[in-house]
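The structure appears below as structure tokens.
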Amino acid sequence: MGIREIYPTFKENKTQGPALPGQLFWVPTPQIDFSIIETKRANPLNHSQVEFTLADYDSAKHYKEKAAHLPVKLLQIDHKSEALLCKSKKRPCVVLGSASVSIADSNASSSPRQTRPLTDETFLLAPAFSANSAADPVGPFPPDFLTRIAKLHYPHFSWIPPLDGQGPGSVIRLDRIFSISGKYLTPDARCGYKLNPDAFTILMVQAAQVLGVTVSEEAIDEFELVYEEANKDKSVK
Amino acid sequence: MDNMKNTDKSIAAILSELEALGIKNATETSVVKFLYLMDYANACATGGQKFTNINWKFESFGPFDASIRSELATMLSRAVVSKAPVVMPDREFSAISLSKDQARLTFEQIGLSDSIAVQVRGYLKEFGRNLTKLLNFVYYKTEPMAEVQPNQVLDFTGCADKNSFSSQSLPKPDLTEFHAKMAALKAKRKPSRAIKWAGLYDETYERAVAVMNADEGFEVILEGSAILAI
């Protein structure tokens with residue numbers, strides 16, 4: 001069994017239901033670099049007019065008391081909070097897992113305000129980045145690098161075939177795992193693809209390596225079997 | 001104690017206590033916020049009961065009630081309090097103070113319990129000289145302001161007694177057996193079998209990382225103004 005053989009049922013027609021591990025969704029994916037949006041009232045007596053500046057993060061300045069600035073109630077940013085701005089792209093993301101506490105599970109409080117944050121389901125996602133193609137030849141994943149990734153040479157990169165059957169496919173970046181509210185995993189965000197259990201096991205073995213957690217011996221056995229098959233051709237380094 | 005009487009005594013006590021702390025230059029804004037904190041502290045300690053009968057609403061981006069402004073106007077007209085202009089390097093405002101011939105009142109004298117009086121006095125000490133900190137606390141750290149919408153009446157029933165929980169009051173079980181079981185489990189724990197990753201971290205890899213990182217962040221300085229709408 002090689003890397004291509006673990007995707008026989010990659011496509012799925014599911015359009016409804018809860019997001020499940022292995023499914024792919026189009027999700028706004030934040031980049032990891034950001035700017036601080038420094039905000040202050042334009043007029044001390046007016047909460048609605050603000051002046052802002054985009055600034056690089058300064059640990060000596062940000063997330064500290066803003067002595068010279070009156071708070072802007074409408075923005076809900078107190079002296080321990082800052083507004084961030086980061087670029088993002090909508091990317092296919094693999095659902096790795098989720099966490100939630102339902103109302104039925106939570107008897108700690110009867111206050112809607114206190115229970116609501118617990119009832120929002122949060123998903124852990126790994127984004128997929130397009131490999132270089134004729135249409136996009138200057139990306140980070142040229143053919144030689146993509147070959148290594150497809151042969152499972154790196155713990156933090158995993159190859160998946162092209163969603164539409166055309167082109168070289170994508171790279172799931174496990175160095176960019178992020179969490180997001182379940183409200184963004186809407187039916188229209190479904191990609192229509194799901195990693196089958198074999199492919200998902202391989203991905204989770206890699207994720208476990210990235211996160212430093214223990215996985216079962218059986219899962220590592222499966223990974224090594226796929227790895228051996230994928231690397232039988234020694235001509236590619 | 002009717003509402004107005006209650007409010008004017010509360011204002012007088014706040015101004016007296018600020019004066020006793022050597023804090024001058026109280027403004028209408030800070031007096032209103034300290035009145036709110038007096039009610040807040042009382043509500044926290046009593047399961048939601050305010051000290052005054054002020055009908056606090058979310059107005060002008062903070063807790064407010066028009067009756068306070070009219071009460072202050074009455075106190076000014078009766079010369080119970082006086083206003084004086086204060087000119088600072090960065091701003092001008094009117095400071096409110098209790099007139100010299102008025103009796104000074106403590107929080108206990110107007111009926112606050114000893115512990116609540118200590119709490120409110122703590123607010124005066126912490127925020128009396130720093131309006132920004134006072135507003136930050138009122139806007140973001142007090143339960144009635146947490147999710148209120150403009151013009152809604154503030155709900156004090158969710159105020160929690162911050163002193164009702166202490167980790168010291170938790171039971172301290174004998175953990176000897178727990179530690180022994182945990183040590184036994186740790187001794188049996190096997191790390192995941194190491195995977196030998198074949199990936200090279202060479203020029204190909206470095207080129208890819210450089211491309212990945214090239215598009216991060218904003219390279220330009222961006223500043224401007226914005227109008228916020230509810």
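So you can find residues: chains in the structure tokens are A, B, ... in the order shown, residues in each start at 1, and ligands are numbered from 1 in order.
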Exercise for review: Please identify every residue of chain A that has at least one atom no more than 7 Å from any atom of chain B, counting only C-alpha atoms, and report them as a VMD selection string.
Suggested key: chain A and resid 31 33 to 34 48 to 54 67 69 to 71 73 78 86 to 87 139 to 141 145 148 153 to 155 214 to 215
Review point. Leaving out Arg173 in chain A and any residue of its chain fewer than 6 positions from it, which residues lie within 12 Å of it when counting only C-alpha atoms, given as a VMD selection string?
Key: (chain A and resid 29 91 to 94 125 to 131 140 to 141 149 154 to 160 203 206 to 207 210) or (chain B and resid 209 212)
Practice item. Excluding Ala95 in chain B and any residue of its chain fewer than 3 positions from it, enumerate the residues within 6 Å of it, using only C-alpha atoms, and give them as number ranges by chain. Key: B: 25-27, 83-84
Point to revise | Which residue of B:Lys24, B:Arg69, B:Asp155, B:Phe58 approaches Val86 in chain B most closely, using only C-alpha atoms | key: B:Lys24
**Study point:** Which of range 6-176 of chain A fall in strand (DSSP E or B), as a PyMOL selection string
**Key:** chain A and resi 11+23-30+35-43+46-55+83-85+88-99+122-130+157-160+170-173
**Study point:** Neighbour list for range 8-25 of chain A as a list in words, cut-off 9 Å, only C-alpha atoms, skip fewer than 5 positions in-chain
**Key:**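 Final neighbour list, sorted by chain and number: Arg91, Pro92, Cys93, Val94, Val95, Leu96, Gly97, Ser98, Phe123, Pro161, Leu163, Gly182, Leu185, Thr186, Pro187, Asp188, Ala189, Arg190, Cys191, Gly192, Tyr193, Lys194, Leu195, Asn196, Pro197, Ala199 and Phe200 of chain A.
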Check your understanding: Using only C-alpha atoms, which of the listed residues (A:Ala230, A:Ala83, A:Ile202, A:Leu74) sits closest to Pro150 in chain B?
Key ->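 Nearest to Pro150 in chain B: A:Leu74.
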Check your understanding: So how far away is CA of Phe64 in chain B from CA of Asp8 in chain B, in Å?
Key -> 15.2 Å
Review point. Out of chain A, which residues get helix (DSSP H, G or I) from DSSP, as an MDAnalysis selection string?
Key: chainID A and resid 4:6 73:75 112:119 143:150 174:176 182:184 187:189 197:211 217:230
